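K.L.:
Structure below; questions to follow.
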Amino acid sequence: MRTIIWALAAATSLIPVAALAQSNVEGRVGKLESEMRAVQRKVFPGGAGQYLQPEISRPDTPQAAGGSPATSAVADLTSRVTALEQQMAGMTDQIEQTGYKVRQLQDQFDAYKRSTDARLAGLASTPALATTPASTPLGEDEAAAGATTRPTRTPPRGTATPRPVATPATVVDTAEDSAPATGAKVDKPATGDTPEDEYLYGYRLWAAKQYPQAEAQLKKVVATYPKHRRASYAQNLLGRSYLDEGKPSLASMAFYDNYKKMPDGERAPDSLYYLAQALMKLNKPADACKVYGELTDVYGSKVSGQMKADVEKGRTAAKCK
């Protein structure tokens with residue numbers, strides 16, 4: 001009799017322990033299920049039925065209250081917890097792998113962006129037609145570039161050429177595209193039209209092949225009269241002076257500045273043409289092809305037939321596709 005009483009007491013003492021274990025497992029299950037839903041909402045924003053279903057779900061029918069061992073419910077909950085923990089570990093691993101792939105893609109994109117930016121900066125420094133002009137001078141040795149000859153062409157004459165000045169103190173002016181003539185002394189026009197006189201003086205210095213003096217005078221015209229129609233002429237002629245002097249790098253920047261800053265100027269198309277010529281002197285035929293394309297796209301309907309023919313010759317020489 002005493003033995004039976006002790007057995008009943010032992011069995012009775014196990015009941016709260018089993019109930020407590022079951023309650024703890026239920027708490028773990030609820031917490032894991034809550035965390036799983038939070039992770040799934042992050043992985044599948046918006047839901048729309050994309051949540052992963054647990055491998056072990058709560059049975060639809062209630063467990064039989066009597067006749068089953070007290071440890072069966074605990075074992076079932078433990079299995080559910082184990083399954084949820086495995087799912088959580090798998091999903092965490094997937095998230096980490098996805099994050100790693102995203103970082104790899106970001107690194108590849110950053111490397112591509114740096115490479116593209118460097119290439120565009122290189123094109124701008126030649127300068128090709130980038131969004132901004134080169135901020136640093138080109139690295140070519142101008143002394144080794146050798147003398148250059150002007151293309152045998154007649155650029156379009158969008159406006160009337162300067163008229164001869166009928167005064168004894170001046171020489172007769174010619175069009176910008178005539179062959180330069182040498183001369184030890186260059187007279188400065190004095191017609192009363194100061195911007196015109198300043199430009200013509202720079203032109204005559206260039207025609208006399210006094211390139212450093214011509215370049216200084218032409219820069220002065222552009223800086224002093226940036227809104228005058230002759231500013232486009234002066235900037236273009238500045239580039240031609242550099243080109244004739246054997247400085248294609250400086251010439252390319254002067255031509256590019258004329259197109260960039262004064263795209264509506266009367267000599268902007270000419271500057272694009274000569275920019276391509278300067279790039280060919282710099283052994284950059286691919287960039288020259290881009291410039292020819294820009295010239296055709298922007299000024300195709302405005303250039304003369306002669307310039308179109310010259311552009312086609314230039315494209316052939318550069319082997320443009």
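All residue names refer to the structure tokens as shown: chains lettered A, B, ... in order, residues numbered from 1 in each chain, ligands numbered from 1 in order.
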Would you mind listing what lies within 9 Å of Pro285 (chain A) as number ranges by chain, with only C-alpha atoms counted and same-chain residues fewer than 6 positions away left out?

P.N.:
A: 276, 279, 315, 317-320

K.L.:
With N, CA, C and O atoms retained, export the selected residues as an mmCIF file, in the first residue's frame.

P.N.:
```cif
data_model
loop_
_atom_site.group_PDB
_atom_site.id
_atom_site.type_symbol
_atom_site.label_atom_id
_atom_site.label_comp_id
_atom_site.auth_asym_id
_atom_site.auth_seq_id
_atom_site.Cartn_x
_atom_site.Cartn_y
_atom_site.Cartn_z
ATOM 1 N N ALA A 276 38.539 67.340 -85.418
ATOM 2 C CA ALA A 276 38.801 65.991 -85.927
ATOM 3 C C ALA A 276 40.193 65.913 -86.559
ATOM 4 O O ALA A 276 40.922 64.926 -86.390
ATOM 5 N N LEU A 279 42.709 65.697 -83.771
ATOM 6 C CA LEU A 279 42.713 64.368 -83.161
ATOM 7 C C LEU A 279 43.448 63.354 -84.036
ATOM 8 O O LEU A 279 44.095 62.435 -83.527
ATOM 9 N N ARG A 315 36.473 61.004 -92.795
ATOM 10 C CA ARG A 315 35.974 59.738 -92.252
ATOM 11 C C ARG A 315 36.676 58.564 -92.918
ATOM 12 O O ARG A 315 36.984 57.553 -92.277
ATOM 13 N N ALA A 317 39.737 58.648 -94.195
ATOM 14 C CA ALA A 317 41.097 58.616 -93.673
ATOM 15 C C ALA A 317 41.163 58.029 -92.277
ATOM 16 O O ALA A 317 42.127 57.338 -91.923
ATOM 17 N N ALA A 318 40.142 58.295 -91.480
ATOM 18 C CA ALA A 318 40.107 57.767 -90.107
ATOM 19 C C ALA A 318 39.566 56.355 -90.036
ATOM 20 O O ALA A 318 39.511 55.768 -88.953
ATOM 21 N N LYS A 319 39.101 55.841 -91.171
ATOM 22 C CA LYS A 319 38.523 54.486 -91.237
ATOM 23 C C LYS A 319 37.317 54.372 -90.312
ATOM 24 O O LYS A 319 37.180 53.396 -89.557
ATOM 25 N N CYS A 320 36.449 55.385 -90.385
ATOM 26 C CA CYS A 320 35.245 55.350 -89.557
ATOM 27 C C CYS A 320 34.278 54.313 -90.099
ATOM 28 O O CYS A 320 34.159 54.119 -91.313
#
```

K.L.:
Using only C-alpha atoms, pick whichever of A:Asn236, A:Gln306, A:Leu218, A:Ser79 has the shortest atom-to-atom distance to Tyr259 (chain A).

P.N.:
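Using only C-alpha atoms, the shortest distance to Tyr259 (chain A) belongs to A:Asn236.
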